[in-house]
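Asks: The file below is data-v2.txt, compact mmCIF, C-alpha atoms and all ligand atoms:
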# COMPACT_ATOMS: atom_id res chain seq x y z
CA MET A 57 23.44 -19.30 190.84
CA ASN A 58 26.27 -21.53 192.13
CA ILE A 59 29.43 -22.25 190.18
CA HIS A 60 28.28 -25.69 188.96
CA SER A 61 25.06 -24.41 187.45
CA GLU A 62 27.12 -21.68 185.72
CA TRP A 63 29.30 -24.39 184.17
CA LEU A 64 26.23 -26.41 183.27
CA LYS A 65 24.80 -23.40 181.44
CA LYS A 66 28.06 -22.77 179.63
CA GLY A 67 28.86 -26.42 178.91
CA PHE A 68 32.44 -26.22 180.16
CA VAL A 69 34.44 -25.26 183.24
CA ASP A 70 34.87 -21.49 183.18
CA GLU A 71 37.64 -20.75 185.66
CA THR A 72 40.56 -18.39 185.33
CA ILE A 73 43.87 -20.23 185.21
CA PRO A 74 46.59 -18.21 186.96
CA ALA A 75 49.21 -16.79 184.61
CA GLY A 76 52.40 -18.80 184.47
CA VAL A 77 50.82 -22.22 185.05
CA ASP A 78 52.65 -24.87 183.02
CA LEU A 79 49.52 -26.29 181.36
CA ILE A 80 51.19 -29.27 179.73
CA GLY A 81 52.98 -30.22 182.96
CA ALA A 82 49.75 -29.77 184.96
CA ILE A 83 47.75 -31.94 182.52
CA LYS A 84 50.40 -34.69 182.66
CA LYS A 85 50.39 -34.59 186.47
CA LEU A 86 46.58 -34.80 186.70
CA LYS A 87 46.49 -37.64 184.17
CA LYS A 88 48.90 -39.63 186.27
CA GLU A 89 47.24 -38.87 189.62
CA LYS A 90 43.78 -39.78 188.31
CA ASN A 91 44.79 -42.66 186.02
CA ALA A 92 43.21 -40.78 183.14
CA LEU A 93 43.67 -41.48 179.43
CA LEU A 94 43.63 -38.50 177.08
CA MET A 95 42.38 -39.49 173.64
CA ALA A 96 42.25 -37.06 170.72
CA HIS A 97 40.72 -37.22 167.26
CA TYR A 98 42.88 -36.24 164.27
CA TYR A 99 40.84 -33.03 163.91
CA GLN A 100 42.08 -31.64 167.23
CA LYS A 101 44.49 -28.72 167.51
CA ASN A 102 48.15 -29.71 167.09
CA GLU A 103 49.04 -28.99 170.72
CA ILE A 104 46.28 -31.33 171.93
CA GLN A 105 47.36 -34.12 169.57
CA ASP A 106 50.92 -33.67 170.88
CA ILE A 107 50.04 -34.38 174.52
CA ALA A 108 47.37 -37.04 173.93
CA ASP A 109 48.04 -40.64 175.00
CA PHE A 110 46.26 -41.79 171.88
CA VAL A 111 45.43 -40.01 168.60
CA GLY A 112 43.19 -41.72 166.09
CA ASP A 113 40.15 -41.85 163.83
CA SER A 114 36.63 -42.65 165.04
CA LEU A 115 37.11 -46.40 164.76
CA ALA A 116 40.42 -46.46 166.62
CA LEU A 117 39.09 -44.15 169.36
CA ALA A 118 36.08 -46.41 169.93
CA TRP A 119 38.27 -49.55 169.95
CA GLU A 120 40.78 -48.04 172.40
CA ALA A 121 37.94 -46.85 174.65
CA SER A 122 36.62 -50.42 174.82
CA LYS A 123 40.02 -51.80 175.95
CA THR A 124 41.51 -49.24 178.31
CA ASN A 125 42.29 -49.84 182.00
CA ALA A 126 42.14 -46.13 182.80
CA ASP A 127 39.67 -44.88 185.40
CA ILE A 128 38.91 -41.75 183.41
CA ILE A 129 38.70 -41.31 179.64
CA LEU A 130 39.04 -37.70 178.53
CA LEU A 131 37.95 -37.62 174.92
CA SER A 132 39.06 -34.54 173.04
CA GLY A 133 36.80 -34.64 170.02
CA VAL A 134 33.07 -34.09 169.63
CA LEU A 135 30.18 -35.25 171.78
CA PHE A 136 29.25 -38.40 169.85
CA MET A 137 32.83 -39.68 170.33
CA GLY A 138 32.48 -39.22 174.11
CA GLU A 139 29.11 -41.00 174.01
CA THR A 140 30.60 -43.90 172.05
CA ALA A 141 33.37 -44.22 174.66
CA LYS A 142 30.80 -44.19 177.49
CA ILE A 143 28.62 -46.79 175.72
CA LEU A 144 31.67 -49.07 175.47
CA SER A 145 33.11 -48.33 178.93
CA PRO A 146 30.13 -47.69 181.22
CA ASP A 147 32.18 -48.17 184.41
CA LYS A 148 34.66 -45.46 183.49
CA LYS A 149 34.18 -41.76 183.94
CA VAL A 150 34.10 -40.26 180.44
CA LEU A 151 34.82 -36.54 180.14
CA ILE A 152 34.83 -34.14 177.22
CA PRO A 153 36.32 -30.63 177.38
CA ASP A 154 33.22 -28.78 176.14
CA PHE A 155 29.60 -29.94 175.78
CA ASN A 156 29.15 -27.40 172.97
CA ALA A 157 31.42 -29.52 170.74
CA GLY A 158 28.61 -31.14 168.80
CA CYS A 159 28.64 -32.61 165.30
CA SER A 160 26.56 -31.15 162.45
CA LEU A 161 26.17 -34.63 160.95
CA ALA A 162 24.87 -36.18 164.20
CA ASP A 163 22.60 -33.14 164.66
CA SER A 164 21.19 -33.63 161.14
CA CYS A 165 19.61 -36.90 162.30
CA PRO A 166 17.26 -36.53 165.30
CA ALA A 167 16.33 -39.92 166.77
CA ASP A 168 12.53 -39.42 166.61
CA ALA A 169 12.62 -38.48 162.92
CA PHE A 170 15.03 -41.35 162.16
CA GLU A 171 12.71 -43.79 163.94
CA LYS A 172 9.83 -42.68 161.67
CA PHE A 173 12.12 -43.07 158.64
CA ILE A 174 12.91 -46.65 159.70
CA LYS A 175 9.18 -47.38 160.11
CA GLN A 176 8.52 -46.03 156.60
CA HIS A 177 11.00 -48.61 155.25
CA PRO A 178 10.22 -51.85 157.07
CA GLY A 179 12.38 -54.93 156.57
CA HIS A 180 15.63 -52.99 156.07
CA THR A 181 18.94 -53.53 157.87
CA VAL A 182 19.71 -50.20 159.56
CA VAL A 183 23.34 -49.18 159.10
CA THR A 184 24.44 -45.93 160.71
CA TYR A 185 27.64 -43.97 160.56
CA VAL A 186 29.30 -43.53 163.97
CA ASN A 187 28.64 -39.76 163.74
CA THR A 188 25.24 -40.13 165.45
CA THR A 189 23.79 -39.71 168.93
CA ALA A 190 23.52 -42.69 171.29
CA ASP A 191 19.73 -42.62 170.68
CA VAL A 192 20.22 -43.15 166.93
CA LYS A 193 22.76 -45.92 167.56
CA ALA A 194 20.13 -47.60 169.75
CA LEU A 195 17.85 -47.75 166.68
CA SER A 196 20.56 -49.30 164.48
CA ASP A 197 21.57 -52.84 163.50
CA ILE A 198 25.18 -52.05 162.62
CA VAL A 199 27.38 -48.99 163.16
CA VAL A 200 30.15 -48.19 160.67
CA THR A 201 32.95 -45.65 160.45
CA SER A 202 34.54 -44.37 157.26
CA THR A 203 37.40 -46.86 157.80
CA ASN A 204 35.23 -49.98 157.75
CA ALA A 205 32.04 -48.87 155.92
CA VAL A 206 32.89 -50.45 152.54
CA LYS A 207 33.94 -53.74 154.15
CA ILE A 208 30.82 -53.90 156.32
CA ILE A 209 28.34 -52.96 153.56
CA ASN A 210 29.93 -55.63 151.33
CA SER A 211 29.51 -58.20 154.13
CA ILE A 212 25.72 -57.72 154.33
CA PRO A 213 23.94 -60.48 152.40
CA LYS A 214 22.79 -59.30 148.97
CA ASN A 215 19.13 -60.08 149.70
CA GLU A 216 19.03 -57.70 152.69
CA LYS A 217 17.71 -54.21 152.02
CA ILE A 218 19.72 -51.42 153.64
CA ILE A 219 18.90 -48.08 155.24
CA PHE A 220 22.00 -45.91 155.59
CA GLY A 221 22.25 -42.75 157.67
CA PRO A 222 22.93 -40.03 158.34
CA ASP A 223 25.54 -38.95 155.76
CA ARG A 224 24.20 -38.71 152.20
CA ASN A 225 27.65 -38.21 150.67
CA LEU A 226 29.15 -41.28 152.37
CA GLY A 227 25.93 -43.18 151.57
CA ASN A 228 26.11 -42.29 147.87
CA TYR A 229 29.80 -43.19 147.80
CA LEU A 230 29.07 -46.58 149.43
CA GLN A 231 26.31 -47.23 146.89
CA SER A 232 28.66 -46.52 144.01
CA ILE A 233 31.44 -48.74 145.41
CA SER A 234 29.29 -51.66 146.54
CA GLY A 235 26.59 -51.55 143.86
CA ARG A 236 24.02 -51.86 146.67
CA ASP A 237 20.81 -49.92 146.43
CA MET A 238 20.35 -48.15 149.78
CA VAL A 239 17.72 -45.88 151.30
CA ILE A 240 19.79 -42.91 152.47
CA TRP A 241 19.05 -40.32 155.17
CA ASP A 242 19.56 -36.76 153.93
CA GLY A 243 22.25 -35.51 156.31
CA ALA A 244 25.73 -34.07 155.83
CA CYS A 245 28.83 -32.74 157.58
CA HIS A 246 28.99 -28.96 157.20
CA VAL A 247 32.81 -29.03 156.92
CA HIS A 248 33.09 -31.67 154.19
CA GLU A 249 30.18 -30.20 152.19
CA LYS A 250 32.00 -26.87 151.95
CA PHE A 251 35.00 -27.90 149.85
CA SER A 252 35.12 -26.03 146.56
CA VAL A 253 35.86 -28.22 143.57
CA GLU A 254 36.81 -25.10 141.53
CA LYS A 255 39.37 -24.01 144.14
CA ILE A 256 40.78 -27.55 144.34
CA VAL A 257 41.17 -27.59 140.55
CA ASP A 258 42.98 -24.21 140.76
CA LEU A 259 45.29 -25.64 143.43
CA LYS A 260 45.98 -28.64 141.23
CA LYS A 261 47.10 -26.22 138.48
CA ALA A 262 49.50 -24.58 140.96
CA TYR A 263 50.74 -28.00 142.18
CA PRO A 264 50.42 -30.26 139.11
CA GLU A 265 52.39 -33.07 140.78
CA ALA A 266 50.08 -33.17 143.81
CA GLU A 267 47.56 -35.94 144.38
CA ILE A 268 44.09 -34.99 145.59
CA ILE A 269 43.00 -37.07 148.59
CA ALA A 270 39.53 -36.79 150.09
CA HIS A 271 37.33 -38.03 152.94
CA PRO A 272 34.16 -39.83 151.72
CA GLU A 273 31.98 -37.25 153.51
CA CYS A 274 32.91 -34.82 150.67
CA LYS A 275 30.40 -34.15 147.89
CA LYS A 276 30.51 -36.22 144.70
CA PRO A 277 32.28 -33.60 142.48
CA VAL A 278 35.21 -33.55 144.94
CA LEU A 279 35.28 -37.35 145.22
CA THR A 280 35.18 -37.60 141.41
CA ILE A 281 38.45 -35.68 141.02
CA ALA A 282 40.16 -37.38 144.00
CA ASP A 283 43.09 -39.75 143.43
CA PHE A 284 42.39 -41.48 146.75
CA ILE A 285 39.32 -41.58 149.02
CA GLY A 286 39.45 -42.74 152.63
CA SER A 287 38.88 -42.11 156.33
CA THR A 288 41.29 -39.89 158.23
CA ALA A 289 43.40 -42.92 159.22
CA SER A 290 43.40 -44.26 155.64
CA LEU A 291 44.39 -40.87 154.21
CA LEU A 292 47.23 -40.63 156.72
CA LYS A 293 48.46 -44.09 155.83
CA TYR A 294 48.14 -43.40 152.11
CA THR A 295 50.34 -40.29 152.32
CA GLN A 296 53.06 -42.38 153.98
CA THR A 297 53.07 -45.12 151.37
CA ALA A 298 52.12 -43.36 148.10
CA ASN A 299 54.85 -42.62 145.61
CA CYS A 300 54.08 -38.90 145.67
CA ASN A 301 55.49 -35.92 147.57
CA GLN A 302 52.62 -33.44 147.43
CA PHE A 303 49.00 -33.87 148.51
CA ILE A 304 45.93 -31.63 148.36
CA VAL A 305 43.97 -32.81 151.39
CA ALA A 306 40.15 -32.54 151.36
CA THR A 307 39.19 -33.14 154.98
CA GLU A 308 39.38 -31.13 158.20
CA SER A 309 42.86 -29.61 158.32
CA GLY A 310 43.75 -31.06 161.77
CA ILE A 311 44.88 -34.27 160.06
CA LEU A 312 47.72 -32.40 158.33
CA HIS A 313 49.63 -32.37 161.63
CA GLN A 314 50.03 -36.16 161.75
CA MET A 315 50.71 -36.26 158.00
CA GLN A 316 53.55 -33.77 158.39
CA LEU A 317 54.96 -35.63 161.42
CA ALA A 318 54.87 -38.97 159.59
CA SER A 319 56.28 -37.76 156.24
CA LYS A 320 58.71 -34.94 157.00
CA GLY A 321 59.83 -34.18 153.44
CA LYS A 322 56.37 -34.13 151.88
CA THR A 323 54.09 -31.14 151.22
CA PHE A 324 50.47 -31.10 152.39
CA ILE A 325 48.10 -28.46 151.10
CA PRO A 326 44.70 -28.09 152.79
CA ALA A 327 41.85 -28.07 150.26
CA PRO A 328 39.95 -24.78 150.50
CA PRO A 329 36.27 -24.32 151.30
CA SER A 330 34.10 -22.22 148.98
CA ASP A 331 33.26 -19.55 151.56
CA SER A 332 36.62 -18.40 152.83
CA THR A 333 39.76 -16.69 151.67
CA CYS A 334 42.01 -18.25 154.34
CA GLY A 335 42.31 -21.55 152.49
CA CYS A 336 41.70 -23.76 155.51
CA ASN A 337 38.62 -25.73 156.47
CA ASP A 338 38.38 -26.26 160.22
CA CYS A 339 35.48 -27.71 162.21
CA GLU A 340 34.59 -24.99 164.72
CA PHE A 341 33.12 -27.61 167.08
CA MET A 342 36.29 -29.73 167.13
CA ARG A 343 38.28 -26.53 167.67
CA LEU A 344 36.31 -25.57 170.79
CA ASN A 345 38.64 -27.89 172.71
CA THR A 346 41.74 -26.24 174.11
CA LEU A 347 44.59 -27.16 176.46
CA GLU A 348 43.02 -24.85 179.07
CA LYS A 349 39.69 -26.70 178.91
CA ILE A 350 41.46 -30.07 179.03
CA TYR A 351 43.30 -29.02 182.18
CA LEU A 352 40.12 -27.72 183.86
CA THR A 353 38.11 -30.77 182.78
CA LEU A 354 40.67 -33.10 184.36
CA LYS A 355 40.90 -30.96 187.48
CA HIS A 356 37.13 -30.79 188.11
CA GLU A 357 36.12 -34.01 186.30
CA TYR A 358 33.51 -32.02 184.40
CA PRO A 359 31.79 -32.08 181.86
CA GLU A 360 30.98 -35.77 182.27
CA VAL A 361 29.24 -37.74 179.50
CA ILE A 362 26.21 -39.66 180.76
CA VAL A 363 24.27 -42.12 178.60
CA ASP A 364 20.91 -43.49 179.76
CA GLU A 365 21.40 -47.18 180.63
CA ASN A 366 18.35 -48.32 178.58
CA ILE A 367 19.78 -46.56 175.52
CA ARG A 368 23.32 -47.76 176.24
CA VAL A 369 22.43 -51.46 176.28
CA LYS A 370 20.72 -51.05 172.90
CA ALA A 371 23.42 -48.81 171.42
CA ILE A 372 26.31 -51.12 172.31
CA LYS A 373 24.96 -53.97 170.16
CA PRO A 374 25.46 -52.32 166.73
CA ILE A 375 28.90 -51.08 167.84
CA GLU A 376 29.95 -54.60 168.91
CA ARG A 377 28.59 -55.86 165.58
CA MET A 378 30.84 -53.30 163.89
CA PHE A 379 33.87 -54.59 165.79
CA GLU A 380 33.02 -58.19 164.79
CA LEU A 381 32.75 -57.21 161.12
CA SER A 382 35.82 -54.93 161.07
CA GLY A 383 38.29 -57.85 161.18
CA ASP A 384 41.90 -56.84 160.68
CA LEU A 385 40.99 -53.14 160.27
CA LEU A 386 41.02 -52.93 164.07
CA LYS A 387 44.68 -53.84 164.24
CA LYS A 388 45.91 -51.24 161.75
P1 LIG A 401 37.02 -40.57 160.70
O1 LIG A 401 36.20 -41.78 160.97
O2 LIG A 401 37.74 -40.62 159.42
O3 LIG A 401 37.87 -40.24 161.86
O4 LIG A 401 36.02 -39.34 160.50
C1 LIG A 401 35.37 -38.82 161.60
C2 LIG A 401 34.65 -37.60 161.31
O5 LIG A 401 34.00 -37.08 162.18
C3 LIG A 401 34.67 -37.03 159.99
O6 LIG A 401 33.88 -35.90 159.93
Starting from the file, give its structure as structure tokens.
Replies:
Amino acid sequence: MNIHSEWLKKGFVDETIPAGVDLIGAIKKLKKEKNALLMAHYYQKNEIQDIADFVGDSLALAWEASKTNADIILLSGVLFMGETAKILSPDKKVLIPDFNAGCSLADSCPADAFEKFIKQHPGHTVVTYVNTTADVKALSDIVVTSTNAVKIINSIPKNEKIIFGPDRNLGNYLQSISGRDMVIWDGACHVHEKFSVEKIVDLKKAYPEAEIIAHPECKKPVLTIADFIGSTASLLKYTQTANCNQFIVATESGILHQMQLASKGKTFIPAPPSDSTCGCNDCEFMRLNTLEKIYLTLKHEYPEVIVDENIRVKAIKPIERMFELSGDLLKK
């Protein structure tokens, strides 16, 4: 077996980096030499966020990927984010540090099953959350992210029937906010489903001044006790502007890094999941990415994200529709 088929099997470049290599310096050098842009989602490890050219939520990452002049986009996040970048920038080389960095929500919605679901509900506008495969996007009319979902659902004419997938918690939340009756796919994010409302209530007793802020992928009991609900970018912004100094944060704990950087004097407490004693709730797929893998990915330009051209031309339409309907949310 040659080295490339070994990497293919593993899903990442498995090469020993000599001791003493200045990883951050080496990554910066490779980025410059190759005109590569390193983009990171807010759920990435702190050290990755710190060297990224751009850190953002799913909407901002997609928007930046559609505008960049870089030759290479290295997307440190999960696979669907790399696919979205490739759909939007087909002429660029799009790399991700580890093919094993999937998304439980995207995996909960296989394209063939979703296609049958659409056929069972004819005459519906198909709205899908960005956390989906390119194949599912290709079946959709409009893509949304948690930043623009409320705005976009509200913009759909009242007489249009809506299918929403794949996140049942976000779907139920959107129904309650918009008053729209939607047919919802039964999928979920394993990280956001795990938050324990009992443990959050206990934390609130320990920090009575703290506000509870939550991502809309959380289950209803958590959203019910939240003072503010929003996407990662909206939560970050809220913590900067709210008249409060302590926050219990119910989303993947990677976002706390930017919150702490933006609001130095404030206290951020990660909301705990039900099944752990450590108190943190990390996405193990997001955390597969490391500085070592980023260095090796840039060096070997592998793993590269490839999207079938027939799928890409279909999948770009609902994403472009999303950009059209996002309005000023793209500039924030
Ligand atoms: P954001 O759109 O808030 O970045 O959320 C992305 C995500 O994957 C949440 O699980």
Asks: Please provide the set of residues having any atom within 6 Å of range 110-123 of chain A, restricted to all atoms listed in the file, with same-chain residues fewer than 4 positions apart removed, written as a VMD selection string.
Replies: chain A and resid 95 to 98 141 144 to 145 289
Asks: Rounded to one decimal, what separation in Å do you get between CA of Gly221 in chain A and CA of Gly243 in chain A?
Replies: 7.4 Å
Asks: Counting all atoms listed in the file, which residue out of A:Ala262, A:Asn187, A:Thr295, A:Val150 sits closest to Leu317 in chain A?
Replies: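 Between A:Ala262, A:Asn187, A:Thr295, A:Val150, the residue approaching Leu317 in chain A most closely is A:Thr295.
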Asks: Kindly provide, as an MDAnalysis selection string, the polymer residues lying within 9 Å of (41.8, -28.0, 171.9), counting only C-alpha atoms and using the coordinates exactly as they appear in the file.
Replies: chainID A and resid 100:105 132:133 153 342:350
Asks: Go through the chains and note each residue within 9 Å of ligand LIG 401 (chain A), using only C-alpha atoms and all ligand atoms, then give the set as a PyMOL selection string.
Replies: chain A and resi 97-99+112-117+133-134+137+159+161+185-187+200-204+245-248+271-273+286-291+307-308+339
Asks: So how far away is CA of Thr189 in chain A from CA of Arg236 in chain A, in Å?
Replies: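 Computing it gives 25.4 Å between the two atoms.
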Asks: Write out as a list in words each polymer residue whose atoms come within 6 Å of range 320-333 of chain A, counting only C-alpha atoms; drop sequence neighbours fewer than 4 positions from it.
Replies: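 Counting only the stated atoms, we get Lys250, Phe251, Ser252, Asn301, Gln302, Phe303, Ile304, Val305, Ala306, Gln316 and Asn337 of chain A.
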Asks: Restrict the calculation to all atoms listed in the file, then for each residue of range 138-183 of chain A with any atom at most 9 Å from an atom of range 360-368 of chain A give the closest atom pair and their distance in Å to one decimal, rows by chain and rising residue number, as JSON lines.
Replies:
{"residue": "A:Gly138", "atom": "CA", "partner": "A:Val361", "partner_atom": "CA", "distance": 6.5}
{"residue": "A:Glu139", "atom": "CA", "partner": "A:Val361", "partner_atom": "CA", "distance": 6.4}
{"residue": "A:Lys142", "atom": "CA", "partner": "A:Val361", "partner_atom": "CA", "distance": 6.9}
{"residue": "A:Ile143", "atom": "CA", "partner": "A:Arg368", "partner_atom": "CA", "distance": 5.4}
{"residue": "A:Leu144", "atom": "CA", "partner": "A:Arg368", "partner_atom": "CA", "distance": 8.5}
{"residue": "A:Pro146", "atom": "CA", "partner": "A:Arg368", "partner_atom": "CA", "distance": 8.4}
{"residue": "A:Lys149", "atom": "CA", "partner": "A:Glu360", "partner_atom": "CA", "distance": 7.0}
{"residue": "A:Val150", "atom": "CA", "partner": "A:Val361", "partner_atom": "CA", "distance": 5.6}
{"residue": "A:Leu151", "atom": "CA", "partner": "A:Glu360", "partner_atom": "CA", "distance": 4.5}
{"residue": "A:Ile152", "atom": "CA", "partner": "A:Glu360", "partner_atom": "CA", "distance": 6.6}
{"residue": "A:Pro153", "atom": "CA", "partner": "A:Glu360", "partner_atom": "CA", "distance": 8.9}
{"residue": "A:Phe155", "atom": "CA", "partner": "A:Val361", "partner_atom": "CA", "distance": 8.6}
Asks: Within 9 Å of Glu376 in chain A, counting only C-alpha atoms, which residues show up once you throw out same-chain ones fewer than 5 positions away? Write them as a ChimeraX atom specification, please.
Replies: /A:144,198-199,381
Asks: Rounded to one decimal, what separation in Å do you get between CA of Lys88 in chain A and CA of Ala126 in chain A?
Replies: 10.0 Å
Asks: Counting only C-alpha atoms, which of A:Arg377, A:Lys355, A:Lys172, A:His60 gets nearest to Ile73 in chain A?
Replies: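 The answer is A:Lys355, which sits nearest to Ile73 in chain A.
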Asks: Nearest to Leu226 in chain A among A:Val206, A:Lys260, A:Gly310, A:Leu130, with distances taken over only C-alpha atoms: which residue is it?
Replies: A:Val206
Asks: May I ask which of the residues A:Ile208, A:Pro166, A:Glu71, A:Cys274 is the closest one to Lys193 in chain A, counting only C-alpha atoms?
Replies: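 Checking each of A:Ile208, A:Pro166, A:Glu71, A:Cys274 against Lys193 in chain A, counting only C-alpha atoms, the winner is A:Pro166.
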Asks: Could you check the closest approach to Lys207 in chain A for each of A:Thr297, A:Ser234, A:Ser319, A:Thr72 and tell me which residue wins, using only C-alpha atoms?
Replies: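 So, comparing all the options, the nearest one is A:Ser234.
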Asks: So which one's closest to Ser382 in chain A, A:Ile209, A:Ile256, A:Ala108, A:Leu312? Using all atoms listed in the file, please.
Replies: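 Once distances to Ser382 in chain A are computed over all atoms listed in the file, the minimum belongs to A:Ile209.
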Asks: Identify the residues within 10 Å of coordinate (17.5, -52.0, 149.5) (same frame as the file), considering all atoms listed in the file, and give the answer as a PyMOL selection string.
Replies: chain A and resi 177+179-181+214-220+236-240
Asks: Okay, now the selection with C-alpha atoms, as a PDB file, keeping the file's coordinate frame?
Replies:
ATOM      1  CA  HIS A 177      11.000 -48.610 155.250  1.00  0.00           C
ATOM      2  CA  GLY A 179      12.380 -54.930 156.570  1.00  0.00           C
ATOM      3  CA  HIS A 180      15.630 -52.990 156.070  1.00  0.00           C
ATOM      4  CA  THR A 181      18.940 -53.530 157.870  1.00  0.00           C
ATOM      5  CA  LYS A 214      22.790 -59.300 148.970  1.00  0.00           C
ATOM      6  CA  ASN A 215      19.130 -60.080 149.700  1.00  0.00           C
ATOM      7  CA  GLU A 216      19.030 -57.700 152.690  1.00  0.00           C
ATOM      8  CA  LYS A 217      17.710 -54.210 152.020  1.00  0.00           C
ATOM      9  CA  ILE A 218      19.720 -51.420 153.640  1.00  0.00           C
ATOM     10  CA  ILE A 219      18.900 -48.080 155.240  1.00  0.00           C
ATOM     11  CA  PHE A 220      22.000 -45.910 155.590  1.00  0.00           C
ATOM     12  CA  ARG A 236      24.020 -51.860 146.670  1.00  0.00           C
ATOM     13  CA  ASP A 237      20.810 -49.920 146.430  1.00  0.00           C
ATOM     14  CA  MET A 238      20.350 -48.150 149.780  1.00  0.00           C
ATOM     15  CA  VAL A 239      17.720 -45.880 151.300  1.00  0.00           C
ATOM     16  CA  ILE A 240      19.790 -42.910 152.470  1.00  0.00           C
TER      17      ILE A 240
END
Asks: What box, with edges along x, y and z, holds each listed atom of range 103-118 of chain A when 6 Å is added on every side, and can you state its centre and edge lengths in Å to one decimal, as JSON?
Replies:
{"center_x": 43.5, "center_y": -37.7, "center_z": 169.4, "size_x": 26.8, "size_y": 29.5, "size_z": 23.2}
